[in-house]
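J.: Next comes structure_38.cif, mmCIF, C-alpha atoms:
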data_final
#
loop_
_atom_site.group_PDB
_atom_site.id
_atom_site.type_symbol
_atom_site.label_atom_id
_atom_site.label_comp_id
_atom_site.auth_asym_id
_atom_site.auth_seq_id
_atom_site.Cartn_x
_atom_site.Cartn_y
_atom_site.Cartn_z
ATOM 1 C CA MET A 1 -42.275 -5.264 -2.460
ATOM 2 C CA PRO A 2 -39.519 -2.833 -3.447
ATOM 3 C CA ALA A 3 -36.800 -2.017 -0.943
ATOM 4 C CA PRO A 4 -37.331 1.236 0.949
ATOM 5 C CA ARG A 5 -35.640 4.217 -0.655
ATOM 6 C CA ARG A 6 -32.566 5.274 1.297
ATOM 7 C CA GLU A 7 -31.572 8.893 1.638
ATOM 8 C CA ALA A 8 -28.463 10.224 -0.059
ATOM 9 C CA HIS A 9 -25.824 11.715 2.232
ATOM 10 C CA PRO A 10 -23.515 14.647 1.453
ATOM 11 C CA GLY A 11 -20.125 13.773 -0.013
ATOM 12 C CA THR A 12 -17.904 14.138 3.053
ATOM 13 C CA GLN A 13 -14.746 12.454 4.280
ATOM 14 C CA GLU A 14 -16.927 10.606 6.808
ATOM 15 C CA LEU A 15 -19.026 9.151 3.973
ATOM 16 C CA LEU A 16 -15.882 8.200 2.047
ATOM 17 C CA ARG A 17 -14.482 6.408 5.111
ATOM 18 C CA ALA A 18 -17.805 4.668 5.857
ATOM 19 C CA VAL A 19 -18.111 3.381 2.303
ATOM 20 C CA PHE A 20 -14.502 2.186 2.029
ATOM 21 C CA ARG A 21 -14.702 0.382 5.392
ATOM 22 C CA ARG A 22 -17.138 -1.883 3.538
ATOM 23 C CA HIS A 23 -14.778 -2.360 0.586
ATOM 24 C CA PRO A 24 -12.134 -5.052 1.185
ATOM 25 C CA ALA A 25 -8.694 -4.106 -0.104
ATOM 26 C CA GLY A 26 -5.420 -5.936 -0.506
ATOM 27 C CA VAL A 27 -2.620 -4.761 1.766
ATOM 28 C CA ALA A 28 0.737 -3.603 0.438
ATOM 29 C CA VAL A 29 3.809 -1.985 1.904
ATOM 30 C CA ILE A 30 5.495 0.656 -0.246
ATOM 31 C CA THR A 31 9.215 1.271 0.356
ATOM 32 C CA ALA A 32 11.771 3.744 -0.947
ATOM 33 C CA PRO A 33 15.366 4.650 -0.228
ATOM 34 C CA GLY A 34 15.639 7.812 1.858
ATOM 35 C CA GLU A 35 18.455 10.189 2.766
ATOM 36 C CA ALA A 36 18.418 8.984 6.395
ATOM 37 C CA GLY A 37 17.670 5.345 5.554
ATOM 38 C CA PRO A 38 14.788 3.424 4.053
ATOM 39 C CA VAL A 39 11.190 4.603 4.387
ATOM 40 C CA GLY A 40 7.937 2.734 4.001
ATOM 41 C CA PHE A 41 4.218 2.763 4.681
ATOM 42 C CA THR A 42 1.195 0.481 4.508
ATOM 43 C CA ALA A 43 -1.119 1.105 1.560
ATOM 44 C CA THR A 44 -4.527 -0.249 0.613
ATOM 45 C CA SER A 45 -4.837 1.984 -2.449
ATOM 46 C CA LEU A 46 -2.721 -0.171 -4.773
ATOM 47 C CA ALA A 47 -4.220 -0.631 -8.249
ATOM 48 C CA SER A 48 -3.202 -2.092 -11.579
ATOM 49 C CA VAL A 49 -3.312 0.642 -14.232
ATOM 50 C CA SER A 50 -1.948 -0.723 -17.508
ATOM 51 C CA ALA A 51 -0.571 -3.965 -18.959
ATOM 52 C CA GLU A 52 1.451 -2.233 -21.685
ATOM 53 C CA PRO A 53 3.505 -0.728 -20.273
ATOM 54 C CA PRO A 54 3.044 -2.538 -16.932
ATOM 55 C CA LEU A 55 1.903 0.309 -14.648
ATOM 56 C CA LEU A 56 0.408 0.452 -11.170
ATOM 57 C CA SER A 57 -0.682 3.253 -8.865
ATOM 58 C CA PHE A 58 -0.918 3.937 -5.154
ATOM 59 C CA GLY A 59 -1.873 6.909 -3.015
ATOM 60 C CA ILE A 60 0.157 8.562 -0.274
ATOM 61 C CA ALA A 61 -0.808 11.456 1.988
ATOM 62 C CA ALA A 62 1.135 14.620 1.172
ATOM 63 C CA GLY A 63 1.804 15.016 4.915
ATOM 64 C CA ALA A 64 3.049 11.436 5.424
ATOM 65 C CA SER A 65 6.522 10.997 6.884
ATOM 66 C CA SER A 66 7.443 8.835 3.860
ATOM 67 C CA TRP A 67 6.294 11.396 1.274
ATOM 68 C CA PRO A 68 9.530 13.433 1.081
ATOM 69 C CA ALA A 69 11.522 10.302 0.160
ATOM 70 C CA VAL A 70 8.819 8.984 -2.193
ATOM 71 C CA SER A 71 8.567 12.427 -3.831
ATOM 72 C CA ARG A 72 12.275 12.239 -4.758
ATOM 73 C CA ALA A 73 12.666 8.501 -5.414
ATOM 74 C CA ALA A 74 13.351 7.272 -8.926
ATOM 75 C CA TYR A 75 12.271 3.751 -7.853
ATOM 76 C CA VAL A 76 9.936 2.367 -5.176
ATOM 77 C CA GLY A 77 9.231 -1.089 -3.809
ATOM 78 C CA VAL A 78 5.731 -2.553 -3.731
ATOM 79 C CA HIS A 79 5.163 -5.564 -1.476
ATOM 80 C CA LEU A 80 1.926 -7.559 -1.359
ATOM 81 C CA LEU A 81 1.542 -8.859 2.180
ATOM 82 C CA GLY A 82 0.351 -12.286 3.270
ATOM 83 C CA GLU A 83 -2.180 -13.038 5.991
ATOM 84 C CA HIS A 84 0.766 -14.108 8.196
ATOM 85 C CA GLN A 85 2.043 -10.493 8.116
ATOM 86 C CA GLN A 86 -0.635 -8.585 10.038
ATOM 87 C CA GLU A 87 1.946 -7.267 12.533
ATOM 88 C CA LEU A 88 4.209 -6.099 9.674
ATOM 89 C CA ALA A 89 1.249 -4.232 8.118
ATOM 90 C CA ALA A 90 0.463 -2.637 11.490
ATOM 91 C CA ARG A 91 4.122 -1.646 12.049
ATOM 92 C CA PHE A 92 4.342 0.116 8.666
ATOM 93 C CA ALA A 93 1.001 1.853 9.364
ATOM 94 C CA ARG A 94 2.068 3.196 12.804
ATOM 95 C CA SER A 95 3.490 6.701 13.114
ATOM 96 C CA GLY A 96 6.899 6.856 14.743
ATOM 97 C CA ALA A 97 7.538 3.094 14.501
ATOM 98 C CA ASP A 98 11.006 1.763 13.657
ATOM 99 C CA ARG A 99 9.673 0.133 10.527
ATOM 100 C CA PHE A 100 12.951 -1.382 9.306
ATOM 101 C CA GLY A 101 14.357 -2.425 12.694
ATOM 102 C CA PRO A 102 13.958 -5.939 14.093
ATOM 103 C CA PRO A 103 11.885 -7.989 13.576
ATOM 104 C CA THR A 104 11.435 -6.612 10.013
ATOM 105 C CA ALA A 105 13.482 -8.733 7.606
ATOM 106 C CA TRP A 106 14.593 -6.883 4.480
ATOM 107 C CA ARG A 107 17.474 -6.383 2.072
ATOM 108 C CA GLU A 108 18.611 -3.863 -0.498
ATOM 109 C CA GLY A 109 17.079 -4.928 -3.785
ATOM 110 C CA PRO A 110 17.357 -3.816 -7.399
ATOM 111 C CA GLU A 111 17.900 -0.082 -7.936
ATOM 112 C CA GLY A 112 18.803 0.268 -4.227
ATOM 113 C CA VAL A 113 15.165 -0.162 -3.150
ATOM 114 C CA PRO A 114 14.446 -1.828 0.222
ATOM 115 C CA VAL A 115 12.804 -5.222 -0.429
ATOM 116 C CA LEU A 116 10.923 -7.002 2.369
ATOM 117 C CA ASP A 117 11.514 -10.726 2.912
ATOM 118 C CA ASP A 118 8.867 -13.482 2.995
ATOM 119 C CA VAL A 119 6.137 -11.550 1.179
ATOM 120 C CA PRO A 120 3.915 -13.338 -1.353
ATOM 121 C CA ALA A 121 5.001 -10.907 -4.084
ATOM 122 C CA TRP A 122 7.206 -7.834 -4.513
ATOM 123 C CA LEU A 123 7.980 -5.373 -7.284
ATOM 124 C CA VAL A 124 10.546 -2.668 -7.844
ATOM 125 C CA CYS A 125 9.010 0.056 -9.970
ATOM 126 C CA ARG A 126 10.302 3.159 -11.752
ATOM 127 C CA VAL A 127 8.272 6.188 -10.733
ATOM 128 C CA ALA A 128 6.559 7.421 -13.893
ATOM 129 C CA GLY A 129 4.553 10.271 -12.368
ATOM 130 C CA ARG A 130 3.166 11.904 -9.247
ATOM 131 C CA VAL A 131 -0.289 13.470 -9.493
ATOM 132 C CA PRO A 132 -1.754 15.837 -6.847
ATOM 133 C CA ALA A 133 -5.115 14.509 -5.630
ATOM 134 C CA GLY A 134 -6.615 16.474 -2.724
ATOM 135 C CA ASP A 135 -4.534 15.896 0.407
ATOM 136 C CA HIS A 136 -2.790 12.927 -1.273
ATOM 137 C CA ARG A 137 -0.545 12.235 -4.217
ATOM 138 C CA VAL A 138 -1.195 9.407 -6.661
ATOM 139 C CA VAL A 139 2.053 7.770 -7.717
ATOM 140 C CA LEU A 140 2.197 6.026 -11.085
ATOM 141 C CA ALA A 141 4.952 3.437 -11.294
ATOM 142 C CA GLU A 142 6.219 1.148 -14.057
ATOM 143 C CA ILE A 143 7.261 -2.360 -13.065
ATOM 144 C CA ALA A 144 11.001 -2.956 -13.553
ATOM 145 C CA HIS A 145 11.736 -6.063 -11.427
ATOM 146 C CA GLY A 146 9.884 -8.413 -9.121
ATOM 147 C CA ASP A 147 8.939 -11.832 -7.875
ATOM 148 C CA ALA A 148 5.479 -13.367 -7.355
ATOM 149 C CA THR A 149 6.509 -16.753 -5.904
ATOM 150 C CA GLY A 150 6.652 -15.985 -2.166
ATOM 151 C CA PRO A 151 4.729 -17.742 0.601
ATOM 152 C CA GLY A 152 1.313 -16.999 1.988
ATOM 153 C CA ARG A 153 -2.278 -16.162 1.230
ATOM 154 C CA PRO A 154 -3.216 -12.485 0.741
ATOM 155 C CA LEU A 155 -3.739 -10.082 3.618
ATOM 156 C CA VAL A 156 -6.911 -7.977 3.328
ATOM 157 C CA TYR A 157 -8.051 -4.782 5.076
ATOM 158 C CA HIS A 158 -11.787 -4.717 5.777
ATOM 159 C CA ARG A 159 -13.997 -2.955 8.359
ATOM 160 C CA GLY A 160 -10.987 -1.295 9.974
ATOM 161 C CA ARG A 161 -8.857 -4.391 10.518
ATOM 162 C CA PHE A 162 -6.394 -6.711 8.810
ATOM 163 C CA THR A 163 -7.706 -10.207 8.039
ATOM 164 C CA GLY A 164 -7.252 -13.165 5.724
ATOM 165 C CA LEU A 165 -9.655 -14.411 3.092
ATOM 166 C CA PRO A 166 -12.062 -17.203 4.050
ATOM 167 C CA ASP A 167 -11.656 -20.531 2.293
#
Any chance you could put this one into structure tokens?
T.:
Amino acid sequence: MPAPRREAHPGTQELLRAVFRRHPAGVAVITAPGEAGPVGFTATSLASVSAEPPLLSFGIAAGASSWPAVSRAAYVGVHLLGEHQQELAARFARSGADRFGPPTAWREGPEGVPVLDDVPAWLVCRVAGRVPAGDHRVVLAEIAHGDATGPGRPLVYHRGRFTGLPD
């Protein structure tokens, strides 16, 4: 017996959110140097774009507090978080949080970009482009430096919460 036909719903932001709650995504923190100190935010929109040259992309809301610094930055940091870093992901996702204060461990990395400690992997990328996309901007970035030998299993965002992957 065929499955019952399901009705199509209008393309709204509610539908987009409902669908992507069902889509697990890796969790990253994007950082950039800012005029008043480092800035950063949690992102689940990170994607590999090209191997040659090595390019990635991520989205950022045009109204985000980090956008002014990211809009001017020549380089950004991209940090893949581990399942042991749920609180770090939540801190960088919270409005008004002191994201770089204790207990966040970080250092100035290549090109003056803030680099978070103890992440499974990090990259410093040259911003190659910024593309308007609705209420967001898609940032294209070319990998310049990085390390993929840090500790931990990946952190995932799924159904509105941070979690690890099952064994």
J.: Fewer than 6 positions away in the same chain doesn't count, so skip those; otherwise give me all residues within 8 Å of Phe41 (chain A), counting all atoms listed in the file, as a list in words.
T.: Val29, Ile30, Thr31, Ser66, Phe92 and Ala93 of chain A
J.: Between A:Glu14, A:Glu83, A:Glu111, A:Glu7, which is the closest to Pro166 (chain A) once you count all atoms listed in the file?
T.: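 Comparing A:Glu14, A:Glu83, A:Glu111, A:Glu7 against Pro166 (chain A), the winner is A:Glu83.
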J.: Expand the PyMOL selection byres ((chain A and resi 86) around 10) into the explicit residue set it covers here, and present it as a list of chain:residue names.
T.: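 Matching residues under the PyMOL selection byres ((chain A and resi 86) around 10) are A:Val27, A:Leu81, A:Gly82, A:Glu83, A:His84, A:Gln85, A:Glu87, A:Leu88, A:Ala89, A:Ala90, A:Arg91, A:Leu155, A:Val156, A:Tyr157, A:Arg161, A:Phe162, A:Thr163, A:Gly164.
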J.: Could you list, as an mmCIF file with C-alpha atoms, in the coordinates of the input, every residue within 7 Å of region 130-146 of chain A, counting only C-alpha atoms and ignoring same-chain residues fewer than 4 positions away?
T.:
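Saved as out30.cif:
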data_model
loop_
_atom_site.group_PDB
_atom_site.id
_atom_site.type_symbol
_atom_site.label_atom_id
_atom_site.label_comp_id
_atom_site.auth_asym_id
_atom_site.auth_seq_id
_atom_site.Cartn_x
_atom_site.Cartn_y
_atom_site.Cartn_z
ATOM 1 C CA PRO A 54 3.044 -2.538 -16.932
ATOM 2 C CA LEU A 55 1.903 0.309 -14.648
ATOM 3 C CA LEU A 56 0.408 0.452 -11.170
ATOM 4 C CA SER A 57 -0.682 3.253 -8.865
ATOM 5 C CA PHE A 58 -0.918 3.937 -5.154
ATOM 6 C CA GLY A 59 -1.873 6.909 -3.015
ATOM 7 C CA ILE A 60 0.157 8.562 -0.274
ATOM 8 C CA ALA A 61 -0.808 11.456 1.988
ATOM 9 C CA ALA A 62 1.135 14.620 1.172
ATOM 10 C CA TRP A 122 7.206 -7.834 -4.513
ATOM 11 C CA LEU A 123 7.980 -5.373 -7.284
ATOM 12 C CA VAL A 124 10.546 -2.668 -7.844
ATOM 13 C CA CYS A 125 9.010 0.056 -9.970
ATOM 14 C CA ARG A 126 10.302 3.159 -11.752
#
J.: Residues near His9 (chain A), anyone? I mean within 12 Å using only C-alpha atoms, not counting same-chain ones fewer than 6 positions away, as a PyMOL selection string.
T.: chain A and resi 15-16+18-19
J.: Check what the PyMOL selection byres ((chain A and resi 39) around 9) selects in the file above and give those residues as number ranges by chain.
T.: A: 30-34, 36-38, 40-41, 65-67, 69-70, 99-100, 114
J.: Have a look at A:Val49, A:Leu165, A:Ala43, A:Val76 and name the one nearest to Glu108 (chain A); count all atoms listed in the file.
T.: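 For Glu108 (chain A), the nearest of the candidates is A:Val76.
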J.: Do you have the CA of Ala51 (chain A)-CA of Ala28 (chain A) distance handy?
T.: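 Taking CA of Ala51 (chain A) and CA of Ala28 (chain A), their separation equals 19.4 Å.
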J.: Around region 34-39 of chain A, with edges along x, y and z and 4 Å added on all six sides, what centre and edge lengths do you get, in Å to one decimal, as lines of an AutoDock Vina configuration file?
T.:
center_x = 14.8
center_y = 6.8
center_z = 4.1
size_x = 15.3
size_y = 14.8
size_z = 12.5
J.: Work out how far apart CA of Arg5 (chain A) and CA of Gly160 (chain A) are and give it in Å to one decimal.
T.: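 These two atoms are separated by 27.4 Å.
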